[in-house]
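Have a look at final.pdb; it's PDB, C-alpha atoms:
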ATOM      1  CA  MET A   1     -64.375  38.714 -52.926  1.00  0.00           C
ATOM      2  CA  LYS A   2     -61.984  39.346 -55.775  1.00  0.00           C
ATOM      3  CA  LYS A   3     -59.922  36.418 -56.997  1.00  0.00           C
ATOM      4  CA  LEU A   4     -56.222  37.145 -56.744  1.00  0.00           C
ATOM      5  CA  ILE A   5     -53.330  34.912 -57.675  1.00  0.00           C
ATOM      6  CA  VAL A   6     -49.955  35.491 -56.068  1.00  0.00           C
ATOM      7  CA  LEU A   7     -47.163  33.679 -57.826  1.00  0.00           C
ATOM      8  CA  MET A   8     -43.566  33.410 -56.746  1.00  0.00           C
ATOM      9  CA  MET A   9     -41.064  32.734 -59.491  1.00  0.00           C
ATOM     10  CA  PHE A  10     -37.398  31.938 -59.160  1.00  0.00           C
ATOM     11  CA  SER A  11     -34.942  31.670 -62.032  1.00  0.00           C
ATOM     12  CA  VAL A  12     -37.084  33.886 -64.189  1.00  0.00           C
ATOM     13  CA  LEU A  13     -35.429  33.207 -67.522  1.00  0.00           C
ATOM     14  CA  PHE A  14     -36.893  29.779 -68.002  1.00  0.00           C
ATOM     15  CA  ASN A  15     -37.603  28.416 -71.459  1.00  0.00           C
ATOM     16  CA  ILE A  16     -41.345  28.255 -71.288  1.00  0.00           C
ATOM     17  CA  GLN A  17     -44.952  33.043 -78.538  1.00  0.00           C
ATOM     18  CA  LYS A  18     -46.768  35.674 -76.835  1.00  0.00           C
ATOM     19  CA  ALA A  19     -50.370  36.462 -77.519  1.00  0.00           C
ATOM     20  CA  SER A  20     -50.737  39.939 -78.915  1.00  0.00           C
ATOM     21  CA  ALA A  21     -52.217  42.819 -76.968  1.00  0.00           C
ATOM     22  CA  SER A  22     -55.373  42.261 -78.982  1.00  0.00           C
ATOM     23  CA  SER A  23     -55.937  39.119 -76.910  1.00  0.00           C
ATOM     24  CA  VAL A  24     -56.806  41.391 -73.978  1.00  0.00           C
ATOM     25  CA  PRO A  25     -60.533  42.205 -74.118  1.00  0.00           C
ATOM     26  CA  GLU A  26     -61.663  45.808 -74.650  1.00  0.00           C
ATOM     27  CA  ASN A  27     -62.821  46.086 -71.031  1.00  0.00           C
ATOM     28  CA  GLY A  28     -59.259  45.278 -69.952  1.00  0.00           C
ATOM     29  CA  ARG A  29     -60.416  42.446 -67.677  1.00  0.00           C
ATOM     30  CA  VAL A  30     -58.613  39.193 -68.114  1.00  0.00           C
ATOM     31  CA  SER A  31     -58.434  36.204 -65.836  1.00  0.00           C
ATOM     32  CA  PRO A  32     -55.324  35.769 -63.705  1.00  0.00           C
ATOM     33  CA  SER A  33     -54.603  32.483 -65.517  1.00  0.00           C
ATOM     34  CA  HIS A  34     -54.728  34.267 -68.895  1.00  0.00           C
ATOM     35  CA  VAL A  35     -52.397  36.990 -67.610  1.00  0.00           C
ATOM     36  CA  LEU A  36     -50.005  34.325 -66.366  1.00  0.00           C
ATOM     37  CA  ARG A  37     -50.067  32.674 -69.804  1.00  0.00           C
ATOM     38  CA  LEU A  38     -49.274  36.035 -71.463  1.00  0.00           C
ATOM     39  CA  LEU A  39     -46.309  36.559 -69.130  1.00  0.00           C
ATOM     40  CA  ILE A  40     -44.991  33.027 -69.598  1.00  0.00           C
ATOM     41  CA  ASP A  41     -45.364  33.244 -73.375  1.00  0.00           C
ATOM     42  CA  GLY A  42     -43.626  36.635 -73.438  1.00  0.00           C
ATOM     43  CA  ASN A  43     -40.805  35.258 -71.313  1.00  0.00           C
ATOM     44  CA  ARG A  44     -40.482  32.226 -73.566  1.00  0.00           C
ATOM     45  CA  HIS A  45     -40.093  34.493 -76.569  1.00  0.00           C
ATOM     46  CA  PHE A  46     -37.432  36.562 -74.800  1.00  0.00           C
ATOM     47  CA  ALA A  47     -35.557  33.534 -73.406  1.00  0.00           C
ATOM     48  CA  GLN A  48     -35.521  31.583 -76.665  1.00  0.00           C
ATOM     49  CA  ARG A  49     -34.864  34.429 -79.094  1.00  0.00           C
ATOM     50  CA  GLY A  50     -33.130  37.007 -76.930  1.00  0.00           C
ATOM     51  CA  SER A  51     -35.422  39.701 -78.257  1.00  0.00           C
ATOM     52  CA  VAL A  52     -38.844  41.203 -77.682  1.00  0.00           C
ATOM     53  CA  LYS A  53     -41.520  41.610 -80.302  1.00  0.00           C
ATOM     54  CA  HIS A  54     -44.271  43.374 -78.400  1.00  0.00           C
ATOM     55  CA  LEU A  55     -42.270  46.113 -76.690  1.00  0.00           C
ATOM     56  CA  ASP A  56     -41.797  48.318 -79.766  1.00  0.00           C
ATOM     57  CA  ALA A  57     -45.550  48.788 -80.213  1.00  0.00           C
ATOM     58  CA  MET A  58     -46.044  49.300 -76.506  1.00  0.00           C
ATOM     59  CA  VAL A  59     -43.612  52.239 -76.216  1.00  0.00           C
ATOM     60  CA  SER A  60     -44.856  54.162 -79.255  1.00  0.00           C
ATOM     61  CA  VAL A  61     -45.993  57.785 -79.054  1.00  0.00           C
ATOM     62  CA  LYS A  62     -49.589  56.591 -79.397  1.00  0.00           C
ATOM     63  CA  ARG A  63     -49.163  54.201 -76.461  1.00  0.00           C
ATOM     64  CA  ARG A  64     -47.498  56.870 -74.321  1.00  0.00           C
ATOM     65  CA  LEU A  65     -50.461  59.194 -74.921  1.00  0.00           C
ATOM     66  CA  GLU A  66     -52.876  56.388 -73.965  1.00  0.00           C
ATOM     67  CA  VAL A  67     -51.170  55.545 -70.677  1.00  0.00           C
ATOM     68  CA  ALA A  68     -50.723  59.218 -69.777  1.00  0.00           C
ATOM     69  CA  LYS A  69     -54.508  59.344 -69.271  1.00  0.00           C
ATOM     70  CA  ALA A  70     -54.852  56.239 -67.097  1.00  0.00           C
ATOM     71  CA  GLN A  71     -53.081  53.028 -66.241  1.00  0.00           C
ATOM     72  CA  LYS A  72     -54.642  49.578 -66.544  1.00  0.00           C
ATOM     73  CA  PRO A  73     -51.867  47.083 -65.817  1.00  0.00           C
ATOM     74  CA  ILE A  74     -52.608  43.379 -66.096  1.00  0.00           C
ATOM     75  CA  ALA A  75     -50.110  42.240 -63.446  1.00  0.00           C
ATOM     76  CA  VAL A  76     -48.061  43.392 -60.489  1.00  0.00           C
ATOM     77  CA  VAL A  77     -44.456  42.256 -60.589  1.00  0.00           C
ATOM     78  CA  ILE A  78     -42.346  42.590 -57.459  1.00  0.00           C
ATOM     79  CA  ALA A  79     -38.735  42.621 -58.575  1.00  0.00           C
ATOM     80  CA  CYS A  80     -35.329  43.365 -57.174  1.00  0.00           C
ATOM     81  CA  SER A  81     -33.864  46.838 -57.692  1.00  0.00           C
ATOM     82  CA  ASP A  82     -31.291  45.363 -60.023  1.00  0.00           C
ATOM     83  CA  SER A  83     -30.208  47.027 -63.252  1.00  0.00           C
ATOM     84  CA  ARG A  84     -29.899  43.610 -64.917  1.00  0.00           C
ATOM     85  CA  LEU A  85     -33.583  42.833 -64.536  1.00  0.00           C
ATOM     86  CA  SER A  86     -36.450  44.589 -66.312  1.00  0.00           C
ATOM     87  CA  PRO A  87     -39.823  42.836 -66.006  1.00  0.00           C
ATOM     88  CA  GLU A  88     -41.153  44.583 -69.114  1.00  0.00           C
ATOM     89  CA  ILE A  89     -38.351  43.131 -71.221  1.00  0.00           C
ATOM     90  CA  LEU A  90     -38.324  39.706 -69.518  1.00  0.00           C
ATOM     91  CA  PHE A  91     -42.040  39.302 -70.213  1.00  0.00           C
ATOM     92  CA  ASP A  92     -42.175  41.195 -73.546  1.00  0.00           C
ATOM     93  CA  MET A  93     -44.578  43.789 -72.175  1.00  0.00           C
ATOM     94  CA  GLY A  94     -44.742  47.528 -72.657  1.00  0.00           C
ATOM     95  CA  LEU A  95     -45.783  50.747 -70.974  1.00  0.00           C
ATOM     96  CA  GLY A  96     -48.825  50.387 -68.764  1.00  0.00           C
ATOM     97  CA  GLU A  97     -48.991  46.589 -68.850  1.00  0.00           C
ATOM     98  CA  ILE A  98     -47.015  45.739 -65.711  1.00  0.00           C
ATOM     99  CA  PHE A  99     -47.215  47.560 -62.388  1.00  0.00           C
ATOM    100  CA  THR A 100     -43.663  47.028 -61.179  1.00  0.00           C
ATOM    101  CA  VAL A 101     -42.629  47.310 -57.535  1.00  0.00           C
ATOM    102  CA  ARG A 102     -38.845  47.245 -57.200  1.00  0.00           C
ATOM    103  CA  VAL A 103     -37.005  46.860 -53.935  1.00  0.00           C
ATOM    104  CA  ALA A 104     -33.550  45.583 -53.048  1.00  0.00           C
ATOM    105  CA  GLY A 105     -33.660  41.914 -52.145  1.00  0.00           C
ATOM    106  CA  ASN A 106     -37.381  41.535 -52.916  1.00  0.00           C
ATOM    107  CA  VAL A 107     -38.123  42.284 -49.255  1.00  0.00           C
ATOM    108  CA  ILE A 108     -41.678  43.522 -48.897  1.00  0.00           C
ATOM    109  CA  GLY A 109     -42.149  46.234 -46.298  1.00  0.00           C
ATOM    110  CA  PRO A 110     -45.167  48.441 -45.588  1.00  0.00           C
ATOM    111  CA  HIS A 111     -44.510  50.775 -48.531  1.00  0.00           C
ATOM    112  CA  GLU A 112     -44.122  47.954 -51.043  1.00  0.00           C
ATOM    113  CA  ALA A 113     -47.183  46.168 -49.665  1.00  0.00           C
ATOM    114  CA  GLY A 114     -49.122  49.423 -50.028  1.00  0.00           C
ATOM    115  CA  SER A 115     -48.107  49.654 -53.674  1.00  0.00           C
ATOM    116  CA  VAL A 116     -49.323  46.110 -54.308  1.00  0.00           C
ATOM    117  CA  GLU A 117     -52.591  46.819 -52.481  1.00  0.00           C
ATOM    118  CA  TYR A 118     -53.103  49.946 -54.586  1.00  0.00           C
ATOM    119  CA  ALA A 119     -52.634  48.005 -57.819  1.00  0.00           C
ATOM    120  CA  VAL A 120     -55.003  45.252 -56.731  1.00  0.00           C
ATOM    121  CA  GLU A 121     -57.712  47.394 -55.132  1.00  0.00           C
ATOM    122  CA  HIS A 122     -57.677  50.497 -57.326  1.00  0.00           C
ATOM    123  CA  LEU A 123     -56.301  49.329 -60.660  1.00  0.00           C
ATOM    124  CA  GLY A 124     -58.005  45.920 -60.702  1.00  0.00           C
ATOM    125  CA  VAL A 125     -54.889  43.775 -61.065  1.00  0.00           C
ATOM    126  CA  GLY A 126     -55.555  40.081 -60.425  1.00  0.00           C
ATOM    127  CA  LEU A 127     -52.055  38.601 -60.644  1.00  0.00           C
ATOM    128  CA  VAL A 128     -49.107  39.385 -58.384  1.00  0.00           C
ATOM    129  CA  MET A 129     -45.745  37.871 -59.263  1.00  0.00           C
ATOM    130  CA  VAL A 130     -42.607  37.968 -57.128  1.00  0.00           C
ATOM    131  CA  LEU A 131     -39.375  37.531 -59.070  1.00  0.00           C
ATOM    132  CA  GLY A 132     -36.088  36.347 -57.722  1.00  0.00           C
ATOM    133  CA  MET A 133     -32.799  35.429 -59.324  1.00  0.00           C
ATOM    134  CA  LYS A 134     -31.545  32.040 -58.244  1.00  0.00           C
ATOM    135  CA  ASP A 135     -28.410  31.851 -60.375  1.00  0.00           C
ATOM    136  CA  ALA A 136     -26.785  34.012 -62.985  1.00  0.00           C
ATOM    137  CA  VAL A 137     -28.168  33.240 -66.419  1.00  0.00           C
ATOM    138  CA  GLN A 138     -25.619  32.225 -69.040  1.00  0.00           C
TER
END

The structure given in the file should be rewritten as structure tokens.
Amino acid sequence: MKKLIVLMMFSVLFNIQKASASSVPENGRVSPSHVLRLLIDGNRHFAQRGSVKHLDAMVSVKRRLEVAKAQKPIAVVIACSDSRLSPEILFDMGLGEIFTVRVAGNVIGPHEAGSVEYAVEHLGVGLVMVLGMKDAVQ
């Protein structure tokens, strides 16, 4: 049976440096705990500096051509359909790294659950994170 970690996070912009994409092995398989560390480190960088350092490389023409062929995300992030929240920016990730499921109120119905199942079963994702905003961030 595949090991899967489901993590629920509230108040996402906590103050928790991001490992580079080169820290992901060539086969694309990383442990859920390593993926969690990458997300936390990326969020720390964003929260402390208010900027992202990894995103520029991950939206390049080269990267877009790579992900056009196939997707190999390292995490599923269930997030609210809120224009103020972008998981890729919050975690300093780029195209193809996060499989994002967005739905108003973070309420998981059959369609959203199917999207998560697809990412886990067919794309090999081992970490599922549910985001929620507790309070407005200053």

Legend entry - Picked residues, the PyMOL selection byres ((chain A and resi 70-82) around 8), expected as a PyMOL selection string: chain A and resi 28+30+35+66-69+83-85+87+96-106+116+119+123-132

Inset, instruction - Report the distance between CA of Met58 (chain A) and CA of Met93 (chain A) in Å, rounded to one decimal place. - result: 7.2 Å

Inset, instruction - State, in Å with one decimal place, the distance from CA of Arg37 (chain A) to CA of Leu65 (chain A). - result: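 Taking CA of Arg37 (chain A) as the start and CA of Leu65 (chain A) as the end point, the length is 27.0 Å.
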
Legend entry - A:His54, A:Asn43, A:Pro32, A:Glu117 ranked by distance to Ser86 (chain A), top pick (using all atoms listed in the file): A:Asn43

Inset, instruction - Have a look at CA of Lys53 (chain A) and CA of Leu90 (chain A) and let me know their distance in Å, one decimal. - result: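 Straight-line distance from CA of Lys53 (chain A) to CA of Leu90 (chain A) works out to 11.4 Å.
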
Inset, instruction - Apply the PyMOL selection byres ((chain A and resi 92) around 12) to the displayed file and report the matching residues as a PyMOL selection string. - result: chain A and resi 17-21+38-47+49-59+86-91+93-95+97-98

Write region 90-106 of chain A as a compact mmCIF listing (two decimals), keeping the file's coordinate frame, completed to N, CA and C atoms.
# COMPACT_ATOMS: atom_id res chain seq x y z
N LEU A 90 -38.27 41.15 -69.79
CA LEU A 90 -38.32 39.71 -69.52
C LEU A 90 -39.63 39.07 -69.96
N PHE A 91 -40.72 39.84 -69.87
CA PHE A 91 -42.04 39.30 -70.21
C PHE A 91 -42.59 39.87 -71.51
N ASP A 92 -41.77 40.61 -72.26
CA ASP A 92 -42.18 41.20 -73.55
C ASP A 92 -43.45 42.01 -73.40
N MET A 93 -43.44 42.90 -72.44
CA MET A 93 -44.58 43.79 -72.18
C MET A 93 -44.13 45.23 -72.37
N GLY A 94 -45.08 46.14 -72.43
CA GLY A 94 -44.74 47.53 -72.66
C GLY A 94 -45.31 48.45 -71.60
N LEU A 95 -45.30 49.73 -71.90
CA LEU A 95 -45.78 50.75 -70.97
C LEU A 95 -47.23 50.47 -70.56
N GLY A 96 -47.47 50.53 -69.28
CA GLY A 96 -48.82 50.39 -68.76
C GLY A 96 -49.31 48.96 -68.59
N GLU A 97 -48.52 47.97 -68.95
CA GLU A 97 -48.99 46.59 -68.85
C GLU A 97 -48.60 45.91 -67.54
N ILE A 98 -47.47 46.33 -66.96
CA ILE A 98 -47.02 45.74 -65.71
C ILE A 98 -46.85 46.85 -64.69
N PHE A 99 -47.41 46.66 -63.51
CA PHE A 99 -47.22 47.56 -62.39
C PHE A 99 -46.05 46.98 -61.60
N THR A 100 -44.88 47.59 -61.76
CA THR A 100 -43.66 47.03 -61.18
C THR A 100 -43.34 47.69 -59.85
N VAL A 101 -43.09 46.85 -58.84
CA VAL A 101 -42.63 47.31 -57.54
C VAL A 101 -41.21 46.77 -57.39
N ARG A 102 -40.24 47.67 -57.28
CA ARG A 102 -38.84 47.24 -57.20
C ARG A 102 -38.27 47.61 -55.85
N VAL A 103 -37.61 46.65 -55.24
CA VAL A 103 -37.01 46.86 -53.94
C VAL A 103 -35.81 45.92 -53.80
N ALA A 104 -34.75 46.41 -53.21
CA ALA A 104 -33.55 45.58 -53.05
C ALA A 104 -33.88 44.31 -52.26
N GLY A 105 -33.49 43.19 -52.82
CA GLY A 105 -33.66 41.91 -52.14
C GLY A 105 -35.07 41.35 -52.16
N ASN A 106 -35.99 41.98 -52.87
CA ASN A 106 -37.38 41.54 -52.92
C ASN A 106 -38.00 41.41 -51.51
